[in-house]
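As provided, coords_2.txt (compact mmCIF, C-alpha atoms) reads as follows.
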# COMPACT_ATOMS: atom_id res chain seq x y z
CA MET A 1 11.40 17.15 -25.46
CA LYS A 2 12.92 18.40 -28.72
CA ILE A 3 14.53 15.89 -31.09
CA VAL A 4 16.59 16.98 -34.12
CA ILE A 5 17.94 14.78 -36.90
CA LEU A 6 20.81 16.63 -38.57
CA ASP A 7 21.25 14.56 -41.74
CA GLY A 8 18.48 12.04 -42.18
CA TYR A 9 18.41 11.67 -45.95
CA THR A 10 21.16 9.07 -46.34
CA LEU A 11 19.53 6.70 -43.85
CA ASN A 12 16.00 7.47 -44.96
CA PRO A 13 15.57 8.95 -48.44
CA GLY A 14 11.86 8.25 -48.15
CA ASP A 15 11.50 4.48 -47.97
CA LEU A 16 11.53 4.30 -44.16
CA SER A 17 9.52 6.17 -41.51
CA TRP A 18 10.52 8.53 -38.70
CA GLU A 19 7.05 8.29 -37.13
CA LYS A 20 8.06 6.25 -34.07
CA LEU A 21 10.49 8.99 -33.03
CA LYS A 22 7.52 11.33 -32.63
CA ASP A 23 6.41 9.21 -29.68
CA PHE A 24 9.39 10.56 -27.75
CA GLY A 25 9.01 14.27 -28.40
CA GLU A 26 8.82 17.13 -30.89
CA LEU A 27 10.71 15.92 -33.98
CA THR A 28 12.49 18.02 -36.61
CA VAL A 29 14.15 16.17 -39.50
CA HIS A 30 16.77 17.82 -41.71
CA ASP A 31 17.86 15.98 -44.82
CA ARG A 32 21.27 17.61 -44.52
CA THR A 33 23.04 20.19 -42.38
CA GLU A 34 25.88 22.30 -43.72
CA TYR A 35 29.24 21.35 -42.19
CA ASP A 36 29.68 24.73 -40.56
CA ASN A 37 29.87 24.97 -36.77
CA ASN A 38 27.60 28.00 -36.53
CA LYS A 39 25.03 26.38 -38.81
CA ILE A 40 25.12 23.14 -36.82
CA ILE A 41 24.66 25.05 -33.54
CA GLU A 42 21.73 26.93 -35.05
CA THR A 43 20.15 23.71 -36.32
CA ILE A 44 20.44 21.98 -32.94
CA GLY A 45 19.00 25.00 -31.16
CA SER A 46 17.48 24.01 -27.81
CA ALA A 47 17.13 20.29 -28.63
CA GLU A 48 17.83 17.75 -25.89
CA ILE A 49 18.17 14.86 -28.36
CA VAL A 50 20.22 14.93 -31.57
CA PHE A 51 20.81 12.26 -34.19
CA THR A 52 23.68 12.52 -36.64
CA ASN A 53 25.12 10.29 -39.29
CA LYS A 54 28.07 12.21 -40.72
CA THR A 55 27.42 15.79 -39.56
CA PRO A 56 30.35 16.57 -37.22
CA LEU A 57 29.80 17.48 -33.58
CA PRO A 58 33.18 18.82 -32.40
CA LYS A 59 34.01 20.47 -29.09
CA GLU A 60 33.23 23.92 -30.49
CA VAL A 61 29.65 22.84 -31.22
CA LEU A 62 29.00 20.78 -28.10
CA LYS A 63 29.98 23.62 -25.77
CA LYS A 64 27.46 25.94 -27.42
CA VAL A 65 24.36 23.71 -27.09
CA PRO A 66 23.78 23.47 -23.31
CA SER A 67 20.39 21.78 -23.64
CA LEU A 68 21.85 18.73 -25.35
CA LYS A 69 21.69 15.53 -23.30
CA TYR A 70 21.91 12.73 -25.87
CA ILE A 71 23.56 12.12 -29.26
CA GLY A 72 22.50 9.11 -31.30
CA VAL A 73 24.98 8.30 -34.06
CA LEU A 74 23.12 6.74 -36.99
CA ALA A 75 26.10 4.56 -37.87
CA THR A 76 28.66 2.25 -36.30
CA GLY A 77 31.60 4.64 -36.55
CA PHE A 78 31.32 7.59 -34.16
CA ASN A 79 34.45 9.60 -34.98
CA VAL A 80 32.24 12.53 -36.11
CA VAL A 81 31.50 13.23 -32.43
CA ASP A 82 34.03 14.54 -29.90
CA VAL A 83 33.10 11.83 -27.42
CA ASP A 84 35.52 13.02 -24.75
CA THR A 85 34.00 16.50 -24.67
CA ALA A 86 30.53 14.95 -24.70
CA LYS A 87 31.47 12.89 -21.66
CA GLU A 88 32.80 15.97 -19.85
CA LEU A 89 29.50 17.73 -20.54
CA GLY A 90 27.39 14.79 -19.42
CA ILE A 91 26.10 14.04 -22.92
CA VAL A 92 25.49 10.35 -23.63
CA VAL A 93 26.62 9.20 -27.08
CA THR A 94 25.40 5.93 -28.61
CA ASN A 95 26.05 4.14 -31.88
CA VAL A 96 24.53 1.24 -33.82
CA PRO A 97 27.17 -1.49 -33.80
CA SER A 98 26.02 -4.39 -35.94
CA TYR A 99 23.17 -3.48 -38.27
CA GLY A 100 25.13 -3.92 -41.52
CA THR A 101 27.07 -7.14 -40.96
CA THR A 102 25.33 -9.27 -43.58
CA ALA A 103 24.96 -6.42 -46.06
CA VAL A 104 28.64 -5.48 -46.01
CA ALA A 105 29.77 -9.11 -46.22
CA GLN A 106 27.46 -9.59 -49.22
CA MET A 107 28.87 -6.48 -50.91
CA THR A 108 32.40 -7.72 -50.30
CA MET A 109 31.63 -10.88 -52.24
CA ALA A 110 29.83 -8.90 -54.95
CA LEU A 111 32.97 -6.83 -55.47
CA LEU A 112 35.14 -9.94 -55.49
CA LEU A 113 32.92 -11.68 -58.04
CA GLU A 114 32.97 -8.58 -60.23
CA MET A 115 36.77 -8.66 -60.23
CA CYS A 116 36.67 -12.36 -61.13
CA HIS A 117 34.06 -12.21 -63.91
CA HIS A 118 33.71 -8.54 -64.95
CA VAL A 119 29.97 -8.94 -65.36
CA GLY A 120 29.38 -5.24 -65.93
CA GLU A 121 32.06 -4.98 -68.60
CA HIS A 122 30.88 -8.07 -70.45
CA ASN A 123 27.28 -6.85 -70.34
CA ARG A 124 28.46 -3.58 -71.88
CA ALA A 125 30.43 -5.43 -74.57
CA VAL A 126 27.44 -7.56 -75.55
CA LYS A 127 25.09 -4.58 -75.79
CA GLU A 128 27.63 -2.67 -77.88
CA GLY A 129 27.73 -5.51 -80.40
CA GLU A 130 31.05 -7.16 -79.60
CA TRP A 131 29.53 -10.62 -79.10
CA SER A 132 27.54 -10.32 -82.32
CA LYS A 133 30.80 -9.73 -84.18
CA SER A 134 32.59 -12.65 -82.54
CA MET A 135 33.75 -15.53 -84.75
CA ASP A 136 33.26 -17.89 -81.79
CA PHE A 137 30.27 -18.76 -79.65
CA CYS A 138 31.75 -16.82 -76.72
CA PHE A 139 34.42 -14.28 -75.95
CA TRP A 140 35.84 -12.47 -72.93
CA ASN A 141 37.71 -9.21 -72.51
CA TYR A 142 39.34 -9.98 -69.16
CA PRO A 143 40.89 -13.07 -67.55
CA LEU A 144 38.21 -15.03 -65.68
CA ILE A 145 39.09 -16.29 -62.20
CA GLU A 146 37.80 -19.25 -60.20
CA LEU A 147 37.84 -18.80 -56.42
CA ASP A 148 37.83 -22.43 -55.28
CA GLY A 149 41.09 -23.26 -53.50
CA LYS A 150 42.33 -19.68 -53.34
CA THR A 151 43.15 -17.86 -50.12
CA MET A 152 41.42 -14.77 -48.78
CA GLY A 153 43.28 -12.69 -46.22
CA ILE A 154 40.88 -10.83 -43.94
CA VAL A 155 42.34 -7.87 -42.08
CA GLY A 156 40.08 -7.31 -39.08
CA PHE A 157 38.10 -10.30 -37.87
CA GLY A 158 35.13 -8.80 -36.11
CA ARG A 159 31.50 -9.44 -37.01
CA ILE A 160 31.82 -8.39 -40.65
CA GLY A 161 35.14 -10.12 -41.17
CA GLN A 162 33.71 -13.35 -39.79
CA ALA A 163 30.57 -13.07 -41.93
CA THR A 164 32.73 -12.49 -45.00
CA ALA A 165 34.83 -15.53 -44.14
CA LYS A 166 31.75 -17.76 -44.09
CA LEU A 167 30.70 -16.60 -47.53
CA ALA A 168 34.22 -17.01 -48.93
CA GLN A 169 34.46 -20.51 -47.47
CA ALA A 170 31.21 -21.39 -49.24
CA PHE A 171 33.07 -20.63 -52.49
CA GLY A 172 35.81 -23.06 -51.45
CA MET A 173 38.29 -20.44 -50.29
CA ASN A 174 40.74 -20.76 -47.43
CA ILE A 175 40.94 -17.94 -44.89
CA LEU A 176 43.86 -16.20 -43.23
CA THR A 177 43.06 -13.55 -40.65
CA ALA A 178 45.07 -10.85 -38.94
CA GLY A 179 43.87 -8.31 -36.42
CA SER A 180 44.42 -6.72 -33.06
CA SER A 181 42.99 -9.62 -31.06
CA LYS A 182 43.36 -13.37 -31.42
CA LYS A 183 40.27 -15.59 -31.53
CA PRO A 184 41.59 -19.17 -31.39
CA GLU A 185 38.07 -20.52 -31.02
CA LEU A 186 37.36 -19.41 -34.59
CA GLU A 187 40.21 -21.37 -36.17
CA THR A 188 39.25 -24.31 -38.38
CA SER A 189 40.89 -26.40 -41.06
CA THR A 190 40.12 -23.59 -43.54
CA CYS A 191 40.55 -20.56 -41.28
CA LYS A 192 43.87 -19.69 -39.66
CA GLN A 193 45.03 -16.68 -37.63
CA VAL A 194 48.45 -15.41 -38.69
CA ASP A 195 50.54 -12.27 -38.40
CA MET A 196 50.16 -9.51 -40.96
CA ASP A 197 53.30 -10.36 -42.92
CA GLU A 198 52.19 -13.96 -43.42
CA LEU A 199 48.74 -12.82 -44.51
CA LEU A 200 50.22 -10.42 -47.04
CA ALA A 201 52.59 -13.02 -48.46
CA ASN A 202 50.07 -15.84 -48.85
CA SER A 203 46.73 -14.28 -49.82
CA ASP A 204 45.31 -14.25 -53.32
CA VAL A 205 42.63 -11.80 -52.16
CA ILE A 206 42.93 -9.31 -49.30
CA SER A 207 39.75 -7.85 -47.81
CA LEU A 208 39.83 -4.99 -45.32
CA HIS A 209 37.40 -5.00 -42.39
CA SER A 210 39.31 -3.06 -39.72
CA PRO A 211 38.08 0.05 -37.95
CA LEU A 212 40.11 3.19 -38.56
CA THR A 213 42.60 3.63 -35.73
CA PRO A 214 46.09 5.13 -35.52
CA GLU A 215 47.42 1.58 -35.94
CA THR A 216 45.37 0.75 -39.05
CA GLU A 217 45.50 4.10 -40.87
CA GLY A 218 47.48 3.63 -44.07
CA ILE A 219 48.02 -0.07 -43.45
CA ILE A 220 47.92 -0.71 -47.19
CA ASN A 221 51.03 1.20 -48.17
CA ALA A 222 54.02 0.70 -50.45
CA ALA A 223 55.94 -1.33 -47.87
CA ASN A 224 53.09 -3.75 -47.21
CA ILE A 225 52.13 -3.95 -50.88
CA SER A 226 55.68 -5.09 -51.62
CA LYS A 227 55.09 -8.07 -49.31
CA MET A 228 52.02 -9.23 -51.26
CA LYS A 229 51.91 -11.87 -53.96
CA ASP A 230 52.17 -10.51 -57.47
CA GLY A 231 48.64 -10.21 -58.82
CA THR A 232 46.82 -9.96 -55.50
CA MET A 233 43.24 -8.65 -55.54
CA LEU A 234 42.30 -6.04 -52.91
CA ILE A 235 38.87 -5.17 -51.48
CA ASN A 236 37.98 -2.36 -49.09
CA THR A 237 34.48 -2.02 -47.62
CA SER A 238 35.72 -0.56 -44.34
CA ARG A 239 37.34 2.89 -44.27
CA GLY A 240 39.11 4.64 -47.12
CA GLN A 241 41.93 5.88 -44.90
CA LEU A 242 43.19 2.32 -44.44
CA ILE A 243 44.79 2.71 -47.87
CA VAL A 244 47.50 5.08 -49.04
CA GLU A 245 45.82 5.82 -52.34
CA LYS A 246 48.95 6.99 -54.16
CA ASP A 247 50.68 3.71 -53.31
CA LEU A 248 47.69 1.68 -54.42
CA LYS A 249 47.49 3.47 -57.77
CA GLU A 250 51.16 2.78 -58.43
CA ALA A 251 50.67 -0.90 -57.55
CA LEU A 252 47.63 -1.17 -59.83
CA ASP A 253 49.34 0.56 -62.73
CA SER A 254 52.38 -1.70 -62.42
CA GLY A 255 50.29 -4.87 -62.07
CA LYS A 256 51.70 -5.71 -58.63
CA ILE A 257 48.07 -5.61 -57.48
CA ALA A 258 45.96 -7.14 -60.24
CA SER A 259 42.77 -5.34 -59.31
CA ALA A 260 41.09 -3.45 -56.51
CA ALA A 261 37.44 -2.98 -55.59
CA LEU A 262 36.72 -0.13 -53.21
CA ASP A 263 33.44 0.95 -51.65
CA VAL A 264 35.20 3.66 -49.64
CA VAL A 265 37.88 6.26 -50.33
CA SER A 266 39.86 8.69 -48.21
CA LYS A 267 37.54 11.65 -48.84
CA GLU A 268 33.83 11.22 -49.51
CA PRO A 269 32.18 12.12 -51.79
CA ILE A 270 35.20 11.29 -53.90
CA ASP A 271 37.16 14.24 -55.29
CA LYS A 272 36.89 14.42 -59.06
CA ASP A 273 40.69 14.44 -59.22
CA ASN A 274 41.23 11.42 -56.94
CA GLU A 275 44.04 9.54 -58.64
CA LEU A 276 42.31 6.17 -58.19
CA LEU A 277 39.71 7.24 -60.76
CA LYS A 278 42.44 6.82 -63.38
CA ALA A 279 44.07 3.71 -61.91
CA GLU A 280 44.20 0.49 -63.89
CA ASN A 281 41.66 -2.22 -62.94
CA CYS A 282 40.09 -0.30 -60.07
CA ILE A 283 36.38 -0.61 -59.30
CA ILE A 284 34.94 2.14 -57.08
CA THR A 285 31.42 2.17 -55.69
CA PRO A 286 29.92 5.11 -53.71
CA HIS A 287 29.94 3.77 -50.10
CA ILE A 288 26.83 1.62 -50.53
CA ALA A 289 27.78 -1.64 -48.80
CA TRP A 290 25.77 -0.70 -45.71
CA ALA A 291 22.73 0.62 -47.58
CA PRO A 292 20.21 -2.13 -48.48
CA LYS A 293 16.79 -1.22 -47.14
CA GLU A 294 16.82 -4.19 -44.76
CA SER A 295 20.10 -3.00 -43.25
CA ARG A 296 18.94 0.61 -42.92
CA SER A 297 15.72 -0.56 -41.29
CA ARG A 298 17.73 -2.47 -38.67
CA LEU A 299 19.82 0.66 -38.08
CA LEU A 300 16.75 2.82 -37.50
CA ASN A 301 15.14 0.27 -35.18
CA THR A 302 18.29 0.04 -33.08
CA ALA A 303 18.55 3.83 -32.93
CA LEU A 304 15.00 3.89 -31.55
CA GLU A 305 15.89 1.21 -28.99
CA ASN A 306 18.97 3.21 -27.97
CA LEU A 307 16.90 6.34 -27.35
CA GLU A 308 14.19 4.47 -25.46
CA ALA A 309 16.78 2.83 -23.21
CA PHE A 310 18.41 6.20 -22.51
CA LEU A 311 15.09 7.78 -21.57
CA LYS A 312 14.42 4.88 -19.20
CA GLY A 313 17.74 5.55 -17.48
CA LYS A 314 19.40 2.37 -18.75
CA PRO A 315 21.32 3.45 -21.86
CA ILE A 316 22.73 0.84 -24.24
CA ASN A 317 25.40 0.95 -26.97
CA VAL A 318 27.07 3.87 -25.18
CA VAL A 319 30.46 4.78 -26.67
CA ASN A 320 31.56 7.33 -24.05
CA LYS A 321 30.86 5.64 -20.72
What is this structure when it is put down as structure tokens?
Amino acid sequence: MKIVILDGYTLNPGDLSWEKLKDFGELTVHDRTEYDNNKIIETIGSAEIVFTNKTPLPKEVLKKVPSLKYIGVLATGFNVVDVDTAKELGIVVTNVPSYGTTAVAQMTMALLLEMCHHVGEHNRAVKEGEWSKSMDFCFWNYPLIELDGKTMGIVGFGRIGQATAKLAQAFGMNILTAGSSKKPELETSTCKQVDMDELLANSDVISLHSPLTPETEGIINAANISKMKDGTMLINTSRGQLIVEKDLKEALDSGKIASAALDVVSKEPIDKDNELLKAENCIITPHIAWAPKESRSRLLNTALENLEAFLKGKPINVVNK
């Protein structure tokens, strides 16, 4: 059995091992595959098993690789695969649904704390001599914010949203949630489920944890920003397309949104002319929330379990049943 990994470098730049995959067949690992249909078809060749992270597998590719029986997506999101065509062709597609819950929740709080304390900026100021020149024993370049008693609005209350809520509550924050499904069993004295308008109007911090769907695309737009408190802080560790970036830049530049911290943008890698690069008080990190070694190791182990279950005739984590 031939197994091909189309873009293994992001998951495993060298600190993990592909060795266990060799137990299942003849393994070929590509660090990257050019996003060209003909090149992808050529790279897959006669493989029965393919793993992809972000390399697209559209209809035009799937119909030209008749040997393919299984696609393992090395991520939670599987929009890079035309799952309907895969189903028509009898190709099983699996994903890895929950490997990064704790890592992404942790990154969310790291971004929030950076907006509150500007640790990086103050470190820079000290090392460039600004503290040494100070007439006082301390100084700060940005307002410093305490989280206790403030409200975090969490848009999307799945595994990651819930994990983020627990961390925020540990800082003394109250939680408002809004999403496609109600979970009354999760309500407490510090966690309430509300509609989107109420969340927007009453949150000091808004953190996005929704999947990208037609309903959530562009959910942070000029109309919804106008419903927010003045000076709201915004965090996105989910999908860049949840935000209309032009509208966010205008809100940051005007001060309507005090600051934003984004681990994702609409096009990745980010275009050098993305307008958010010049927005006021906007932190951007390069889609790393999911990427601690512990998280990536869980992802790889689950991908192995998915393949083993498929080969035993009892597939798990199937996204195109």
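Of the listed residues A:Ala75, A:Leu248, A:Val119, A:Val83, the one whose atoms come nearest to Ser295 of chain A is A:Ala75, with distances taken using all atoms listed in the file.
For the set A:Lys182, A:Val104, A:Leu6, A:Val126, the residue with the smallest atom-to-atom gap to Ile71 of chain A is A:Leu6, counting all atoms listed in the file.
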Checklist entry - atom CA of Leu277 of chain A and atom CA of Leu200 of chain A, how far apart in Å? => result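 That distance, rounded to one decimal, is 24.7 Å.
Residues surrounding Arg296 of chain A within 10 Å are Thr10, Leu11, Asn12, Asp15, Leu16, Leu74, Ala75, Tyr99, Gly100, Ala103, Trp290, Ala291, Asn301 and Thr302 of chain A [only C-alpha atoms; sequence separation below 5 positions excluded].
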How big is the axis-aligned box around all listed atoms of segment 9-17 of chain A once 6 Å goes on each side, and where's its centre, in Å to one decimal, as lines of an AutoDock Vina configuration file?
center_x = 15.3
center_y = 8.0
center_z = -45.0
size_x = 23.6
size_y = 19.4
size_z = 18.9
What are the closest atom pairs, with distances in Å to one decimal, for each residue of segment 80-147 of chain A lying within 10 Å of segment 163-173 of chain A, using all atoms listed in the file, rows by chain and rising residue number, as CSV?
residue,atom,partner,partner_atom,distance
A:Thr101,CA,A:Ala163,CA,7.0
A:Thr102,CA,A:Ala163,CA,6.7
A:Ala103,CA,A:Ala163,CA,9.6
A:Val104,CA,A:Thr164,CA,8.2
A:Ala105,CA,A:Thr164,CA,4.7
A:Gln106,CA,A:Thr164,CA,7.3
A:Met107,CA,A:Thr164,CA,9.3
A:Thr108,CA,A:Thr164,CA,7.1
A:Met109,CA,A:Ala168,CA,7.4
A:Leu112,CA,A:Ala168,CA,9.7
A:Glu146,CA,A:Phe171,CA,9.1
A:Leu147,CA,A:Met173,CA,6.4
Checklist entry - Which value, in Å to one decimal, gives the distance between atom CA of Tyr9 of chain A and atom CA of Thr33 of chain A? => result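 Rounded to one decimal, the two atoms are 10.3 Å apart.
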Next on the checklist: Measuring between all atoms listed in the file, which one of A:Asn202, A:Ser181, A:Asn281, A:Thr237 shows the shortest distance to Val264 of chain A?
Outcome noted: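 The closest residue to Val264 of chain A is A:Thr237.
Shortest atom-to-atom contact with Val80 of chain A among A:Val65, A:Gly120, A:Tyr35, A:Thr188: A:Tyr35, counting all atoms listed in the file.
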Item to check | For Cys116 of chain A: contacts at 8 Å, only C-alpha atoms, fewer than 6 positions along chain excluded, given as a ChimeraX atom specification | outcome: /A:143-146
